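Colleague: This is the structure I want to talk about, given as structure tokens.
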Protein chains: 2
Amino acid sequence: MNAQIIEIDRHPAPVKRRGRAQRAMDRANVTPLRFHTRAIPAYHLLGEVALTALEDQADWILEHVGMEFRGDDVALDLFAQAGAKVEGQRVRFERGLARQLCATAPEQFALHARDPLNTVTLGGDHIVLMPGYGSPFVSDLDRGRRYATLEDFENFVKLAYMSPHLHHSGGTVCEPTDVPVIKRHLDMVSAHLTLSTKPFMGGVTSPQRARDSIDMARIVFGSDFVANNAVMQGNINVNSPMVFDDTMSGALRVYAEANQCVCVSPAIFGGAMGPVTPAAMAAQTLAEAMVGIALTQLVRPGCPVVFGSFHSTMNLRTGALTFGMPEANLVTMALSQLGRRLGVPVRSGGGQITSSNAPDGQAMQDSTNAMWATMLSGCHQVWHAAGWLEGGLTMSYEKFIMDLENCGAFLRLFQSMIVNDETLSRDSYLEAGPGQNFLSTAHTMRHFAAANYESLLPDAGPYETWKDNGSKTAAQRANGRWKEMLASYVQPPMEQATQQALAEFVAQRKASMHDEWY
Amino acid sequence: MNAQIIEIDRHPAPVKRRGRAQRAMDRANVTPLRFHTRAIPAYHLLGEVALTALEDQADWILEHVGMEFRGDDVALDLFAQAGAKVEGQRVRFERGLARQLCATAPEQFALHARDPLNTVTLGGDHIVLMPGYGSPFVSDLDRGRRYATLEDFENFVKLAYMSPHLHHSGGTVCEPTDVPVIKRHLDMVSAHLTLSTKPFMGGVTSPQRARDSIDMARIVFGSDFVANNAVMQGNINVNSPMVFDDTMSGALRVYAEANQCVCVSPAIFGGAMGPVTPAAMAAQTLAEAMVGIALTQLVRPGCPVVFGSFHSTMNLRTGALTFGMPEANLVTMALSQLGRRLGVPVRSGGGQITSSNAPDGQAMQDSTNAMWATMLSGCHQVWHAAGWLEGGLTMSYEKFIMDLENCGAFLRLFQSMIVNDETLSRDSYLEAGPGQNFLSTAHTMRHFAAANYESLLPDAGPYETWKDNGSKTAAQRANGRWKEMLASYVQPPMEQATQQALAEFVAQRKASMHDEWY
């Protein structure tokens, strides 16, 4: 881990496609991803005794309480055949059975992108950052808070595509509320596929929408490629506590049958969907996630999965959800340990999350607290790494920029301290002795341009300059930056025939539907 | 570390004084310190190979370059007698000599407070948080940024005294610029001793001011007690690179002779006072600090010391200092490892620091980033844990409140995840099964009041409420809180005779001086 020169780890890509992709990036003024590995150790909050106690508790929950699969007889049959005890819709597992059923899930796998340079690895020392997910509102300093539209959705896909600090385009980055619910997944997947070349997530709000999403990926990647490689993810939320509804378990089975990546995310607000104590939240999350992962493996052994989580504390006097608080951060850290012990990639329930209503000091304090717990925990994928505001109700354009700034800082931190002859620089001390200035040493000259992480946010400058320029807060300075980025966006190229086939598929599917808003 | 119930560790205090102190706190509406230990593991950024390389580099610097002591023949003589190679003002150390001279410094010791309930331990798993240090300006949202006055200084001493999340009153919390420089230390030490009962730092800007500060402590604690116990700290800045000036080495010797705690703080801005690379900054800090600590031990073996640091990155294009950046955070983490290996308590060069000009999103992003690196590193004392703005030029009343909020969150995080039968709560799952709500389980009822850390900042509420209340940012909400705190401050009692003796000392010393402003 230490005293080493970090080599940037790149997935091999065919020379021809790499050349074309690189030219496209040059045209689009897109900075390629700089870092996607962690060269610093993961933080181990808990020791063996505590971890074993949490795993034991998860087993106890599954043995004595079990999980309900509501309205999904296929899932119930699969569990019964695998030796679980099925009574009605309740499934109970003998101690160790759920974990055993997860054993065929891969510890590490590639999630392929349309541009092979953007293909990521889930697992190991790799890290995948992606934007927020699921907000019905957006906000910016000019127009305030409003319902999100497809234009907003596309804007965030473009911004994520252009950033060197996000590895993934996300899923429902915000809800395109101007599109009928029944058709949204078509426009969202289309935007991910055509406006970006990074990995993405498909629809999950019904099994049919999951199938549509995968069909669209087949048009772009080719059916054979999709049959053998993960090119997308579907997020399966557990209806915590301990319930899978048929929408979610149905969509799970569609993704698993197609060998696409399933992320199983229990969603526990301590005191509501589970006990209020962090230990219980962690153990229950493990129990619920193991059952979802087990189902993927019963559908298709070896199907790529991610152990997800989403958890939050509440102000138990007012019922308001809180984010970035120490109790939730402890859960975040413990879950990465538990997920690594289960042997599957972990999507952290942290990210840059906050309950603040504005991109202010509280927003960044909450977000940065949650993000440290997330990033140091050794998780592999981070949702909500950019834009999230107001408990996830809103994607903020300005916070998106401020969060990107921090993503870049974390990815730089992940490269660790390089200790070698060049960085220790004995030559500097022979050139500049006690009381002398190092600004013009040969070593400083060699390193100054790339020595330090440079902020994305326009520099505030010293106090007087800052005041003369209107005392702009970070959010106000971020306001100009996202506009500049959108103004300079260039769409990445796609084969004409592919583009046309995709558009035809969307048109045909839309024509077959009524404009339903649920 | 794990699966345990944390017991609050309190220093024993005589029953009589504890009772009196408790009554005083009740009268003053002061919440006692809740937490002052770390029950989570320290984070180990670097492994043995890298740490040894950094230590080897520090030895190389001291052998081949050495340190200059400018104008302090006493210090030069002490080093010569100890076997160092002294040529003019330059002192060089054979490999290992400086570390060997540090060996008599204690690994852990008590820093006594006027109220024994507030006595802290430096070292081990103890953590001591304190306010910012050295700002010439203060700011608040009502009056803007202005030169700090003695009233401001006293206000921050009162706020730190009232907070359950700061363990220490600090030193020059801000510069009382309305008091002549030559007299400032008298008013500052007087404020720490009379307005607070927490540990504090004394004057260091001349040996005489150091002596005055210690004399004042003797009046309050008694000369015998001071001779045998550390009751204050003096901060000795190294004039980096590799220079001690006679003001600092003179003040260092005064504190060491009196057996009071010396904190030795190299101050390195990478690329100016040392090479630009984090590895070099860490090694040079170690070299400089070891020499200062060695001097304390030559003056008085066993004198309590703290391995301090202050380091920052720069924007090497503009020359502007930056804080909270990943390179500096790596140095912060490495230095705590190096300090623990040296066997002395570590004062981290981090804290809640930022270059932002306003208590905005950038301020809290920088501060929280630096604070995580600081707190997880396993350091023992954290300066600049509250209030710091604008690269340390300004103490902000609102940021002080927002930072306190985060100090409390960190101290809660430090108590770790408690994993036991009560927190795992099997009874909850037998009471509320799949799909049911845990809000009214017996377990939730037992725990809800104390389950989660509660913010100091007035709650923003949901979006609509927040908007109706004027869309107040965190800084605006903090504005009311510090005023409420100051309005409810009650001065802790002090024996009439002590109070009088202290006032007489100050009056006498002031009468002996002209109003010099340097």
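Residues are named by chain letter and number: chains run A, B, ... in the order of the structure tokens, numbers start at 1 in each chain, and ligands are numbered from 1 in the order shown.
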Please provide the set of residues having any atom within 8 Å of Glu327 of chain B, restricted to only C-alpha atoms, with same-chain residues fewer than 4 positions apart removed, written as a ChimeraX atom specification.

Modeller: /A:412-413,417,452-453 /B:278,313,331

Colleague: Contacts of Arg184 of chain B at 9 Å or less, counting only C-alpha atoms, minus same-chain residues fewer than 6 places along, as a list in words?

Modeller: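 Within the cut-off, the hits are Leu150, Glu175, Pro176, Thr177, Asp178 and Gly203 of chain B.
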
Colleague: With the cut-off set at 12 Å and counting only C-alpha atoms, tabulate each residue of segment 392-490 of chain B with an atom at most that distance from an atom of segment 366-386 of chain B, showing the nearest atom pair and its distance in Å to one decimal, ordered by chain and increasing number, as a Markdown table.

Modeller:
```
| residue | atom | partner | partner_atom | distance |
| --- | --- | --- | --- | --- |
| B:Gly392 | CA | B:His384 | CA | 8.5 |
| B:Leu393 | CA | B:His384 | CA | 11.8 |
| B:Thr394 | CA | B:Ala386 | CA | 11.4 |
| B:Met395 | CA | B:Ala386 | CA | 8.5 |
| B:Ser396 | CA | B:Ala386 | CA | 8.8 |
| B:Tyr397 | CA | B:Ala386 | CA | 9.3 |
| B:Glu398 | CA | B:Ala386 | CA | 9.9 |
| B:Lys399 | CA | B:Ala386 | CA | 7.1 |
| B:Phe400 | CA | B:Ala386 | CA | 4.8 |
| B:Ile401 | CA | B:Ala386 | CA | 7.5 |
| B:Met402 | CA | B:Ala386 | CA | 8.0 |
| B:Asp403 | CA | B:Ala386 | CA | 4.9 |
| B:Leu404 | CA | B:Ala386 | CA | 6.1 |
| B:Glu405 | CA | B:Ala386 | CA | 9.3 |
| B:Asn406 | CA | B:Thr368 | CA | 8.0 |
| B:Cys407 | CA | B:Ala385 | CA | 7.2 |
| B:Gly408 | CA | B:Ala385 | CA | 10.8 |
| B:Ala409 | CA | B:Thr368 | CA | 11.1 |
| B:Phe410 | CA | B:Met375 | CA | 7.7 |
| B:Leu411 | CA | B:Met375 | CA | 9.3 |
| B:Arg412 | CA | B:Met375 | CA | 11.9 |
| B:Leu413 | CA | B:Met375 | CA | 10.0 |
| B:Phe414 | CA | B:Met375 | CA | 8.8 |
```

Colleague: Store the residues picked out above, limited to C-alpha atoms, as a JSON list (two decimals), in the first residue's frame.

Modeller:
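Output below, filename part.json:
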```
[["chain", "number", "residue", "atom", "x", "y", "z"],
["B", 392, "GLY", "CA", -7.06, 31.72, 10.41],
["B", 393, "LEU", "CA", -7.32, 35.49, 9.93],
["B", 394, "THR", "CA", -10.85, 35.55, 11.36],
["B", 395, "MET", "CA", -12.79, 33.95, 14.19],
["B", 396, "SER", "CA", -16.40, 33.74, 13.12],
["B", 397, "TYR", "CA", -19.11, 33.66, 15.78],
["B", 398, "GLU", "CA", -21.44, 31.73, 13.51],
["B", 399, "LYS", "CA", -18.82, 29.26, 12.35],
["B", 400, "PHE", "CA", -17.88, 28.72, 16.01],
["B", 401, "ILE", "CA", -21.41, 27.43, 16.63],
["B", 402, "MET", "CA", -21.47, 25.30, 13.47],
["B", 403, "ASP", "CA", -18.07, 23.83, 14.35],
["B", 404, "LEU", "CA", -19.19, 23.03, 17.91],
["B", 405, "GLU", "CA", -22.04, 21.11, 16.35],
["B", 406, "ASN", "CA", -19.52, 18.98, 14.49],
["B", 407, "CYS", "CA", -17.24, 18.56, 17.52],
["B", 408, "GLY", "CA", -20.19, 17.04, 19.32],
["B", 409, "ALA", "CA", -20.88, 14.73, 16.40],
["B", 410, "PHE", "CA", -17.27, 13.54, 16.34],
["B", 411, "LEU", "CA", -17.24, 12.93, 20.09],
["B", 412, "ARG", "CA", -20.36, 10.81, 19.64],
["B", 413, "LEU", "CA", -18.77, 8.92, 16.74],
["B", 414, "PHE", "CA", -15.77, 8.29, 19.00]]
```

Colleague: I'd like the neighbourhood of segment 420-428 of chain B as a PyMOL selection string, where a residue qualifies if any of its atoms comes within 9 Å (using only C-alpha atoms), though same-chain residues fewer than 4 positions away should be ignored.

Modeller: (chain A and resi 50+53-54+57+60-61+274-281+283) or (chain B and resi 3-5+432-433+438+441-444)

Colleague: Could you check the closest approach to Asn229 of chain B for each of B:Leu195, B:Leu111, B:Val346, B:Leu321 and tell me which residue wins, using only C-alpha atoms?

Modeller: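 Closest to Asn229 of chain B of all the choices is B:Leu111.
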
Colleague: Env of Lys198 of chain A: 7 Å cut, atoms = only C-alpha atoms, seq-sep filter 4 positions within chain, self excluded. Answer as a compact mmCIF listing (two decimals) with N, CA, C and O atoms, in the first residue's frame.

Modeller:
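Okay, this is what ended up in part.txt:
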```txt
# COMPACT_ATOMS: atom_id res chain seq x y z
N ALA A 113 -19.03 -0.07 -19.98
CA ALA A 113 -19.57 1.19 -20.47
C ALA A 113 -19.53 1.20 -21.98
O ALA A 113 -18.75 0.46 -22.59
N ARG A 114 -20.34 2.06 -22.58
CA ARG A 114 -20.35 2.17 -24.04
C ARG A 114 -18.95 2.57 -24.53
O ARG A 114 -18.48 2.07 -25.56
N ASP A 115 -18.29 3.46 -23.83
CA ASP A 115 -16.88 3.75 -24.11
C ASP A 115 -16.04 2.89 -23.18
O ASP A 115 -16.08 3.06 -21.96
N ASN A 118 -14.45 4.02 -20.06
CA ASN A 118 -15.28 4.30 -18.90
C ASN A 118 -15.82 3.05 -18.21
O ASN A 118 -16.60 3.15 -17.26
N TYR A 161 -21.29 13.17 -17.08
CA TYR A 161 -20.45 12.70 -18.18
C TYR A 161 -19.17 13.54 -18.28
O TYR A 161 -18.08 13.02 -18.50
N HIS A 167 -17.68 8.27 -11.94
CA HIS A 167 -17.36 7.12 -12.78
C HIS A 167 -18.59 6.55 -13.46
O HIS A 167 -18.48 5.60 -14.23
N HIS A 168 -19.77 7.07 -13.14
CA HIS A 168 -21.01 6.38 -13.44
C HIS A 168 -22.09 7.45 -13.66
O HIS A 168 -22.08 8.49 -12.99
N SER A 169 -22.98 7.18 -14.58
CA SER A 169 -24.00 8.17 -14.94
C SER A 169 -25.20 8.17 -13.99
O SER A 169 -26.02 9.08 -14.01
```

Colleague: Skipping near chain neighbours, those fewer than 5 positions away, what residues fall within 7 Å of segment 500-511 of chain A using only C-alpha atoms, listed as JSON, numbers by chain?

Modeller: {"A": [183, 186, 216, 219]}

Colleague: Using only C-alpha atoms, determine which residues lie at most 6 Å from Pro241 of chain A, disregarding the query and same-chain residues fewer than 6 positions distant; provide the list as an MDAnalysis selection string.

Modeller: (chainID A and resid 273) or (chainID B and resid 434:435)

Colleague: Rounded to one decimal place, report the atom CA of Ala98 of chain A-atom CA of Cys261 of chain A distance in Å.

Modeller: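 Rounded to one decimal, the two atoms are 19.1 Å apart.
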
Colleague: Would you work out the distance separating atom CA of Gly170 of chain A from atom CA of Ala110 of chain A, expressed in Å to one decimal?

Modeller: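 Those two atoms sit 16.0 Å apart.
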
Colleague: If we count only C-alpha atoms and set the cut-off at 12 Å, which residues sit around Phe79 of chain B, ignoring sequence neighbours fewer than 5 positions away in its own chain? Please answer as a ChimeraX atom specification.

Modeller: /B:66-69,72-74,84-87,89-94,97-98,101,291-299

Colleague: Apply DSSP to the structure's backbone, then extract all residues of segment 72-314 of chain A labelled helix (DSSP H, G or I) and return them as an NGL selection string.

Modeller: :A and (73-81 or 97-101 or 116-118 or 150-162 or 181-195 or 207-221 or 223-228 or 246-257 or 278-299)

Colleague: Between atom CA of Val344 of chain A and atom CA of Ile40 of chain A, what is the distance, to one decimal in Å?

Modeller: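 Distance between the two atoms: 19.8 Å.
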
Colleague: Which parts of segment 308-483 of chain A does DSSP call strand (DSSP E or B) when run on the backbone here, written out as a list in words?

Modeller: Phe310, His311, Ser312, Thr313, Met314, Leu321, Thr322, Val346, Arg347, Ser348, Gln381, Val382, Trp388, Leu389, Thr394, Met395 and Ser396 of chain A

Colleague: May I have the residues from that selection written out with C-alpha atoms, as a CSV table (one decimal), in the first residue's frame?

Modeller:
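Listed below is the output, part08.csv:
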```csv
chain,number,residue,atom,x,y,z
A,310,PHE,CA,-29.7,3.0,2.6
A,311,HIS,CA,-30.1,4.0,6.2
A,312,SER,CA,-30.8,7.1,8.1
A,313,THR,CA,-31.4,8.4,11.6
A,314,MET,CA,-34.4,10.4,12.6
A,321,LEU,CA,-35.0,12.4,8.8
A,322,THR,CA,-31.4,13.4,9.5
A,346,VAL,CA,-20.6,-3.0,-1.5
A,347,ARG,CA,-22.7,0.0,-2.4
A,348,SER,CA,-22.5,2.3,0.6
A,381,GLN,CA,-19.8,2.0,-5.1
A,382,VAL,CA,-21.1,5.3,-3.8
A,388,TRP,CA,-28.3,15.5,-3.1
A,389,LEU,CA,-30.2,18.0,-1.0
A,394,THR,CA,-34.0,17.8,-4.4
A,395,MET,CA,-31.0,17.7,-6.8
A,396,SER,CA,-29.3,21.0,-6.6
```

Colleague: For chain B, which residue out of A:Val65, A:Val204, A:Leu335, A:Val220 is the nearest one, using only C-alpha atoms?

Modeller: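 Comparing A:Val65, A:Val204, A:Leu335, A:Val220 against chain B, the winner is A:Val65.
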